Structure formats: structure tokens, C-alpha cells
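The data block below is data_33.csv; it holds CSV, C-alpha atoms and all ligand atoms.
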chain,number,residue,atom,x,y,z
A,651,MET,CA,76.9,127.1,119.0
A,652,GLU,CA,79.3,129.8,120.3
A,653,ILE,CA,81.3,131.9,118.0
A,654,ARG,CA,83.7,134.9,118.4
A,655,ALA,CA,82.9,137.9,116.3
A,656,ARG,CA,85.5,140.2,114.8
A,657,SER,CA,83.5,143.4,115.3
A,658,ILE,CA,80.2,144.2,117.0
A,659,LEU,CA,79.4,147.9,116.7
A,660,ASN,CA,78.7,148.2,113.0
A,661,ARG,CA,77.4,150.9,110.8
A,662,SER,CA,73.6,150.8,110.2
A,663,ALA,CA,70.9,152.3,108.1
A,664,ILE,CA,68.7,152.4,111.2
A,665,GLY,CA,70.3,154.5,113.8
A,666,ASP,CA,74.0,155.0,113.4
A,667,TYR,CA,75.1,151.6,114.5
A,668,CYS,CA,73.6,148.2,114.9
A,669,ILE,CA,74.6,145.3,117.2
A,670,ASN,CA,73.6,141.7,116.4
A,671,PRO,CA,74.5,139.6,119.4
A,672,TYR,CA,73.5,136.4,117.6
A,673,VAL,CA,73.8,135.0,114.1
A,674,GLY,CA,70.5,133.3,113.1
A,675,CYS,CA,67.2,133.7,114.9
A,676,GLN,CA,65.1,131.1,116.7
A,677,HIS,CA,61.9,133.0,116.1
A,678,ALA,CA,62.0,131.5,112.5
A,679,CYS,CA,59.6,134.0,111.0
A,680,ILE,CA,58.5,132.8,107.5
A,681,TYR,CA,58.9,136.3,106.0
A,682,CYS,CA,62.3,137.0,107.5
A,683,TYR,CA,64.8,138.4,105.0
A,684,ALA,CA,67.7,138.3,107.5
A,685,ASP,CA,68.2,134.8,106.2
A,686,TYR,CA,69.2,136.3,102.9
A,687,TYR,CA,71.9,138.5,104.4
A,688,THR,CA,73.1,135.9,106.7
A,689,ARG,CA,73.6,133.5,103.8
A,690,LEU,CA,75.6,136.2,102.0
A,691,MET,CA,77.9,136.1,105.1
A,692,GLY,CA,78.4,132.4,104.4
A,693,TYR,CA,76.0,130.8,107.0
A,694,ARG,CA,73.9,127.9,105.8
A,695,GLY,CA,71.1,125.9,107.2
A,696,GLU,CA,67.3,126.3,107.4
A,697,TRP,CA,66.4,129.7,108.8
A,698,GLY,CA,65.3,129.3,112.5
A,699,SER,CA,67.2,126.0,112.9
A,700,TYR,CA,70.5,127.5,114.1
A,701,VAL,CA,71.7,130.3,116.3
A,702,HIS,CA,75.3,131.3,117.0
A,703,ALA,CA,76.0,133.3,120.1
A,704,LYS,CA,78.8,135.9,119.7
A,705,ILE,CA,80.1,135.2,123.2
A,706,ASN,CA,82.8,137.9,123.0
A,707,ALA,CA,80.2,140.6,122.0
A,708,PRO,CA,80.3,142.5,125.4
A,709,ASP,CA,84.2,142.5,125.5
A,710,LEU,CA,84.3,143.7,121.9
A,711,LEU,CA,81.8,146.4,122.6
A,712,LEU,CA,83.9,147.7,125.5
A,713,LYS,CA,86.8,148.0,123.2
A,714,GLU,CA,85.0,149.5,120.3
A,715,ILE,CA,82.8,152.0,122.2
A,716,ARG,CA,85.9,153.8,123.4
A,717,LYS,CA,87.1,154.4,119.9
A,718,LYS,CA,83.9,155.3,118.0
A,719,LYS,CA,81.9,158.5,117.9
A,720,LYS,CA,78.7,158.3,120.0
A,721,GLY,CA,75.6,157.5,118.0
A,722,VAL,CA,72.2,155.7,118.1
A,723,VAL,CA,72.6,151.9,118.4
A,724,TYR,CA,69.9,149.7,116.9
A,725,LEU,CA,69.4,146.2,118.3
A,726,SER,CA,69.1,144.3,116.1
A,727,SER,CA,69.1,144.3,112.3
A,728,LEU,CA,69.6,140.6,111.5
A,729,THR,CA,68.4,138.8,114.6
A,730,ASP,CA,66.1,139.2,117.5
A,731,PRO,CA,68.0,140.4,120.6
A,732,TYR,CA,65.5,138.7,122.9
A,733,GLN,CA,65.1,135.3,121.1
A,734,PRO,CA,65.0,132.4,123.5
A,735,VAL,CA,68.7,131.8,123.9
A,736,GLU,CA,69.1,135.2,125.3
A,737,VAL,CA,67.6,133.9,128.6
A,738,ASN,CA,70.8,132.0,129.2
A,739,TYR,CA,73.4,133.9,127.3
A,740,ARG,CA,72.4,137.3,128.5
A,741,LEU,CA,74.5,138.9,125.8
A,742,THR,CA,71.9,141.6,125.0
A,743,ARG,CA,71.6,142.5,128.7
A,744,ARG,CA,75.4,142.8,129.0
A,745,ILE,CA,75.5,144.9,125.9
A,746,LEU,CA,72.7,147.2,127.2
A,747,GLU,CA,74.6,147.6,130.5
A,748,ILE,CA,77.7,148.8,128.6
A,749,LEU,CA,75.7,151.2,126.3
A,750,MET,CA,73.9,152.6,129.3
A,751,SER,CA,77.1,153.2,131.3
A,752,TYR,CA,78.4,155.1,128.3
A,753,LYS,CA,75.1,156.9,127.8
A,754,TRP,CA,74.6,155.9,124.2
A,755,PRO,CA,71.1,156.2,122.8
A,756,ILE,CA,69.4,153.0,121.7
A,757,ILE,CA,66.6,151.6,119.7
A,758,ILE,CA,65.5,148.0,120.5
A,759,GLN,CA,63.1,146.0,118.3
A,760,THR,CA,61.8,142.6,119.3
A,761,LYS,CA,59.0,140.1,119.0
A,762,SER,CA,59.6,138.8,122.5
A,763,SER,CA,58.1,139.7,125.8
A,764,SER,CA,61.2,138.5,127.6
A,765,ILE,CA,62.6,142.0,127.1
A,766,ILE,CA,60.8,142.8,130.4
A,767,ARG,CA,63.6,141.0,132.3
A,768,ASP,CA,65.8,144.0,131.4
A,769,ILE,CA,63.4,146.7,132.3
A,770,ASP,CA,65.7,147.8,135.1
A,771,VAL,CA,68.5,148.6,132.6
A,772,ILE,CA,66.2,150.0,129.9
A,773,THR,CA,64.6,152.5,132.2
A,774,LYS,CA,68.1,153.9,133.2
A,775,PHE,CA,68.8,155.1,129.6
A,776,ASP,CA,68.3,158.8,128.9
A,777,ASN,CA,67.5,158.1,125.3
A,778,VAL,CA,65.8,154.8,124.6
A,779,ASN,CA,63.1,153.7,122.1
A,780,VAL,CA,61.6,150.2,122.3
A,781,GLY,CA,59.5,148.6,119.6
A,782,PHE,CA,57.5,145.5,119.2
A,783,THR,CA,56.8,144.0,115.8
A,784,MET,CA,53.2,142.9,115.5
A,785,ILE,CA,51.5,141.9,112.2
A,786,THR,CA,48.3,140.5,113.6
A,787,LEU,CA,46.1,139.9,116.6
A,788,ASP,CA,45.3,136.5,115.3
A,789,GLU,CA,47.3,133.8,117.2
A,790,ASP,CA,46.8,131.3,114.4
A,791,ILE,CA,48.4,133.6,111.9
A,792,ARG,CA,51.1,134.5,114.4
A,793,ARG,CA,52.0,130.8,115.0
A,794,ARG,CA,52.1,130.2,111.2
A,795,PHE,CA,54.3,133.1,110.4
A,796,GLU,CA,56.3,133.7,113.5
A,797,PRO,CA,56.3,130.3,115.1
A,798,PHE,CA,58.7,130.7,118.0
A,799,SER,CA,58.1,134.3,118.9
A,800,SER,CA,56.0,135.5,121.9
A,801,PRO,CA,52.3,135.4,121.6
A,802,ILE,CA,50.8,138.7,120.6
A,803,ASN,CA,49.1,139.3,124.0
A,804,ALA,CA,52.4,138.8,125.7
A,805,ARG,CA,53.9,141.4,123.5
A,806,ILE,CA,51.1,143.8,124.1
A,807,ASP,CA,51.5,143.3,127.9
A,808,ALA,CA,55.2,144.0,127.6
A,809,LEU,CA,54.5,147.1,125.6
A,810,MET,CA,52.0,148.3,128.2
A,811,ARG,CA,54.5,147.6,131.0
A,812,LEU,CA,57.2,149.7,129.3
A,813,LYS,CA,54.8,152.5,128.7
A,814,GLU,CA,53.9,152.4,132.4
A,815,GLU,CA,57.6,153.1,133.0
A,816,LYS,CA,57.4,156.0,130.6
A,817,VAL,CA,59.7,154.4,128.0
A,818,ARG,CA,59.4,155.7,124.5
A,819,THR,CA,57.8,153.0,122.4
A,820,PHE,CA,56.8,152.1,118.9
A,821,VAL,CA,54.9,149.3,117.2
A,822,PHE,CA,56.1,148.0,113.9
A,823,ILE,CA,53.2,146.6,111.9
A,824,GLY,CA,55.2,144.8,109.2
A,825,PRO,CA,55.4,143.1,107.0
A,826,ILE,CA,51.6,143.4,106.5
A,827,LEU,CA,50.7,140.1,104.9
A,828,PRO,CA,49.0,140.1,101.6
A,829,GLY,CA,45.3,139.5,102.2
A,830,THR,CA,45.2,141.3,105.5
A,831,ASP,CA,42.1,143.4,105.5
A,832,LEU,CA,41.6,146.9,106.8
A,833,ASP,CA,39.4,145.9,109.6
A,834,GLU,CA,42.0,143.6,111.0
A,835,LEU,CA,44.6,146.3,110.8
A,836,ARG,CA,42.2,148.8,112.4
A,837,GLU,CA,41.7,146.4,115.3
A,838,LEU,CA,45.4,146.0,115.8
A,839,ILE,CA,46.0,149.8,115.6
A,840,MET,CA,43.3,150.5,118.1
A,841,THR,CA,44.6,147.9,120.5
A,842,VAL,CA,48.1,149.3,120.6
A,843,LYS,CA,47.7,153.0,119.9
A,844,ASP,CA,47.6,154.2,123.5
A,845,TYR,CA,50.9,152.5,124.3
A,846,ALA,CA,52.9,153.4,121.3
A,847,ASP,CA,54.4,156.8,120.5
A,848,LEU,CA,54.7,155.9,116.9
A,849,ILE,CA,53.3,153.1,114.6
A,850,TYR,CA,55.2,152.0,111.6
A,851,PHE,CA,53.8,150.2,108.6
A,852,ASP,CA,55.8,148.0,106.2
A,853,ARG,CA,55.2,145.7,103.3
A,854,LEU,CA,56.8,142.4,102.5
A,855,ASN,CA,60.3,142.5,101.4
A,856,LEU,CA,60.7,139.7,98.8
A,857,LYS,CA,64.4,138.9,99.1
A,858,PRO,CA,65.3,135.6,97.4
A,859,GLY,CA,63.8,132.6,99.2
A,860,VAL,CA,61.0,134.6,101.0
A,861,ALA,CA,58.3,134.3,98.3
A,862,SER,CA,58.4,130.5,98.3
A,863,ARG,CA,58.1,130.3,102.1
A,864,ILE,CA,55.3,132.8,102.1
A,865,ASP,CA,53.6,130.9,99.3
A,866,ARG,CA,53.6,127.7,101.3
A,867,ALA,CA,52.3,129.3,104.5
A,868,LEU,CA,49.7,131.5,102.8
A,869,SER,CA,48.3,128.8,100.5
A,870,GLU,CA,47.2,126.8,103.6
A,871,ILE,CA,44.9,129.6,104.6
A,872,TRP,CA,44.1,132.1,101.9
A,873,LYS,CA,45.2,134.0,98.9
A,874,PRO,CA,46.7,131.4,96.5
A,875,ASP,CA,47.6,134.1,94.0
A,876,TRP,CA,48.9,136.7,96.5
A,877,LEU,CA,52.0,137.5,94.4
A,878,SER,CA,50.1,138.9,91.4
A,879,ASN,CA,48.9,142.5,92.1
A,880,LEU,CA,51.1,142.7,95.2
A,881,ASN,CA,52.2,146.3,94.5
A,882,ILE,CA,48.7,147.4,93.8
A,883,TYR,CA,47.5,145.7,97.0
A,884,TYR,CA,50.1,147.7,99.1
A,885,VAL,CA,49.4,151.0,97.3
A,886,ASN,CA,45.7,150.7,97.9
A,887,LEU,CA,46.2,149.5,101.5
A,888,LYS,CA,48.4,152.5,102.2
A,889,LYS,CA,45.7,154.9,100.9
A,890,SER,CA,43.1,153.2,103.0
A,891,LEU,CA,45.3,153.3,106.1
A,892,ILE,CA,46.1,156.9,105.7
A,893,LYS,CA,42.4,157.7,105.5
A,894,LEU,CA,41.8,155.6,108.6
A,895,LEU,CA,44.6,157.2,110.5
A,896,GLU,CA,43.6,160.8,109.5
A,897,GLY,CA,40.9,161.0,112.1
A,898,GLU,CA,42.9,159.5,114.9
A,899,ARG,CA,45.6,161.2,117.0
A,900,ILE,CA,48.2,158.6,116.1
A,901,LYS,CA,51.7,159.3,114.9
A,902,TYR,CA,52.6,157.0,112.1
A,903,ALA,CA,55.1,156.4,109.4
A,904,PHE,CA,55.2,154.2,106.3
A,905,VAL,CA,58.5,152.4,105.6
A,906,TYR,CA,57.3,151.7,102.1
B,1,LIG,S1,62.3,137.9,114.8
B,1,LIG,FE1,63.2,139.2,113.2
B,1,LIG,S2,65.2,138.3,112.8
B,1,LIG,FE2,64.1,136.8,113.9
B,1,LIG,S3,63.2,135.5,112.4
B,1,LIG,FE3,61.7,137.0,112.9
B,1,LIG,S4,62.0,138.7,111.4
B,1,LIG,FE4,63.8,137.4,111.4

Take the structure in the file and give it back as C-alpha cells.
Amino acid sequence: MEIRARSILNRSAIGDYCINPYVGCQHACIYCYADYYTRLMGYRGEWGSYVHAKINAPDLLLKEIRKKKKGVVYLSSLTDPYQPVEVNYRLTRRILEILMSYKWPIIIQTKSSSIIRDIDVITKFDNVNVGFTMITLDEDIRRRFEPFSSPINARIDALMRLKEEKVRTFVFIGPILPGTDLDELRELIMTVKDYADLIYFDRLNLKPGVASRIDRALSEIWKPDWLSNLNIYYVNLKKSLIKLLEGERIKYAFVY
């Protein structure tokens, strides 16, 4: 569905501004808490089943960018800027072209390898940081928790391609799923570390609705009682990860 937004360059906790070219997200991640915020805005429907394209986003941006103080723009806080509909709508691409022409710094975060389509624009930015979210190397887990996102190998290839072009990159390992063991995380870290300037770690954010979805997905594979001792799990995991990372030349940050 196509909609017309009232504003597009909005204040953000990540960077100075965020731009969400779409409402909803076709990647349909089980752990996504954008669903919660999108519901607060009045949208209904099962998360992942709808996406609304803000077709006036580039025009709005052209108007707003002239009036606002330059700052870092994050794409995107409540949707994935490279979800499948972007192939046809090209809203993210048109937004990037505008931001690039005004020389605004950007952070892009995605679970899609289709970002490579826009590598020509991305490499023209003076200040750009591109991140891929990856919670596992296991494709079975990826399909269960992020069903319509790009396969992990495709994301890694895209990350490597961007690094080849000397783009600043990060990998966001989050949310770490309860039950993920340290060896799995070590393997993921070692796989991406040479292509990421920074690795972030995050835990589950249990906004209303998330716990029941996770419960259904997790109970099919492991950890039926994942919710009890969740905080202790993350505290202990953090300690172990810090120990693991100490000996490595890896820049990292915990979001929790
Ligand atoms: S890609 Fe991001 S916004 Fe989209 S469903 Fe997954 S977590 Fe939510």
C-alpha cells in the first residue's frame, strides 16, 4: 500500500535523525519490537504481513533538509530500508541520493544483501557507516527468526564487498537469542571480524508481544524455559564475551 507521510526527517536516539521510508517490514523478524511502536502509531495487522511505502518521502526530505541543522541520519529505526519492496520503490535509494548531495552523514543498518545495488551512491558519501545485523551463522535459526531476510552468507558477502570499497562497517549481533552458546558466537565473531570496524552486542528487548512470539519459535528447537533467568543469562554471557574479546583486536560495544 502507498501512503503519504507528514514528515520524514525525525529526531532519533541513534544518530541525530532517522528516516523510515516504509511502515512495517517484510522481513518479519520474530523478535522485532518495531511492531510495538508501529502499533502505538495506530497500525494494525500481523507484523511482517503489511508494508506501506511512504511515496512522498524523497519530496518531503528535499523540503525538510533545507530547513534542518545538518546531523547524522540513521536508516532505519522501525523498518528495514532494504526490505524486498525497496527493489521496486527505490525510496531508500532516492533518499540516499538526496542526503549524499547535501553531504549529510549517514548510518545504514539492514538484514538485506540488496543494499549492494546502491554501492555506487554509498561510496560517494564522505561520512557513511553501514551495518548488518546477524544473530547466527545457522541458516535454520535465521529462517525461523528472520524468515524473509537475506541468508547470512549473502549478508557476509555484502559486508565484504562494502569493506573492499573501504566503507566503514559494523556488525550488530543482536538480539542474541537465549540459549545461544559462546562457541556459536565466537564462530560468528571470527567470521565477520576482518570486515567490520565495530561489532555491537545486544540482548532481547521484550516489548509487549515479543515474548510470546519468541516462545513459540524457541520451544520448537530448544530452551522451553528461556524466560526464567534471562537477565542472569545475559549478564554471564556478557562477561564471557568480554573475556573472549580481550585477546582479540576487535572493537566492540555492548548495547545492554
Ligand atoms: S529487519 Fe528490523 S525492522 Fe524488519 S522485522 Fe526485522 S528487526 Fe524488525

query = Looking at A:Pro755, A:Gly721, A:Gly698, A:Gly859, which one is nearest to ligand LIG 1 (chain B), with distances taken over all atoms listed in the file?
reply =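 Checking each of A:Pro755, A:Gly721, A:Gly698, A:Gly859 against ligand LIG 1 (chain B), counting all atoms listed in the file, the winner is A:Gly698.
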
key: Residue nearest A:Asp730 among A:Ile680, A:Thr783, A:Ser751, A:Leu746 (counting only C-alpha atoms)   = A:Thr783

Shell of 8 Å around ligand LIG 1 (chain B) (only C-alpha atoms and all ligand atoms), written as a ChimeraX atom specification = /A:674-685,697-698,726-730,733,760-761,796,799

query = A:Ser890: which residues within 8 Å, counting only C-alpha atoms, same-chain residues fewer than 4 positions away excluded, as a PyMOL selection string?
reply = chain A and resi 832+886+894

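Separating atom CA of A:Val817 from atom CA of A:Leu895 is a distance of 23.3 Å.
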
key: Interatomic distance, atom CA of A:Leu725 to atom CA of A:Ile758 (Å, one decimal)   =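 These atoms are spaced 4.8 Å apart.
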
request  = Using all atoms listed in the file, find the one residue out of A:Arg805, A:Lys717, A:Lys813, A:Arg866 that sits nearest to A:Ser762.
outcome  = A:Arg805

request  = Would you list the contacts of A:Lys888 as a PyMOL selection string, taking every protein, DNA or RNA residue within 10 Å and counting only C-alpha atoms, but skipping same-chain residues closer than 5 positions in sequence?
outcome  = chain A and resi 832+851-853+882-883+893-894+904+906

inquiry  = Here is a test: counting all atoms listed in the file, which residue of A:Ser869, A:Thr688, A:Thr773, A:Ser657 is nearest to A:His702?
reply    =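 Ranking A:Ser869, A:Thr688, A:Thr773, A:Ser657 by distance to A:His702, first place goes to A:Thr688.
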
query = So what do you get for atom CA of A:Leu838 versus atom CA of A:Leu856, distance-wise?
reply = 23.7 Å

Please, could N, CA and C atoms be added to stretch 812-826 of chain A and the result written as a CSV table (one decimal), in the frame of the given file?
chain,number,residue,atom,x,y,z
A,812,LEU,N,56.2,148.7,129.6
A,812,LEU,CA,57.2,149.7,129.3
A,812,LEU,C,56.6,151.1,129.2
A,813,LYS,N,55.4,151.2,128.7
A,813,LYS,CA,54.8,152.5,128.7
A,813,LYS,C,54.5,153.0,130.1
A,814,GLU,N,54.1,152.1,131.0
A,814,GLU,CA,53.9,152.4,132.4
A,814,GLU,C,55.1,153.1,133.0
A,815,GLU,N,56.3,152.5,132.5
A,815,GLU,CA,57.6,153.1,133.0
A,815,GLU,C,58.0,154.3,132.2
A,816,LYS,N,57.1,154.8,131.4
A,816,LYS,CA,57.4,156.0,130.6
A,816,LYS,C,58.5,155.8,129.6
A,817,VAL,N,58.7,154.6,129.1
A,817,VAL,CA,59.7,154.4,128.0
A,817,VAL,C,59.1,154.8,126.7
A,818,ARG,N,59.9,155.4,125.8
A,818,ARG,CA,59.4,155.7,124.5
A,818,ARG,C,59.2,154.4,123.7
A,819,THR,N,58.1,154.3,123.1
A,819,THR,CA,57.8,153.0,122.4
A,819,THR,C,57.3,153.1,121.0
A,820,PHE,N,57.4,152.1,120.2
A,820,PHE,CA,56.8,152.1,118.9
A,820,PHE,C,56.3,150.7,118.6
A,821,VAL,N,55.3,150.6,117.7
A,821,VAL,CA,54.9,149.3,117.2
A,821,VAL,C,55.1,149.3,115.7
A,822,PHE,N,55.7,148.2,115.3
A,822,PHE,CA,56.1,148.0,113.9
A,822,PHE,C,55.1,147.0,113.3
A,823,ILE,N,54.2,147.5,112.5
A,823,ILE,CA,53.2,146.6,111.9
A,823,ILE,C,53.8,146.3,110.5
A,824,GLY,N,54.5,145.2,110.4
A,824,GLY,CA,55.2,144.8,109.2
A,824,GLY,C,56.0,143.6,109.3
A,825,PRO,N,56.0,142.8,108.3
A,825,PRO,CA,55.4,143.1,107.0
A,825,PRO,C,53.9,142.8,107.1
A,826,ILE,N,53.1,143.7,106.6
A,826,ILE,CA,51.6,143.4,106.5
A,826,ILE,C,51.5,142.3,105.4
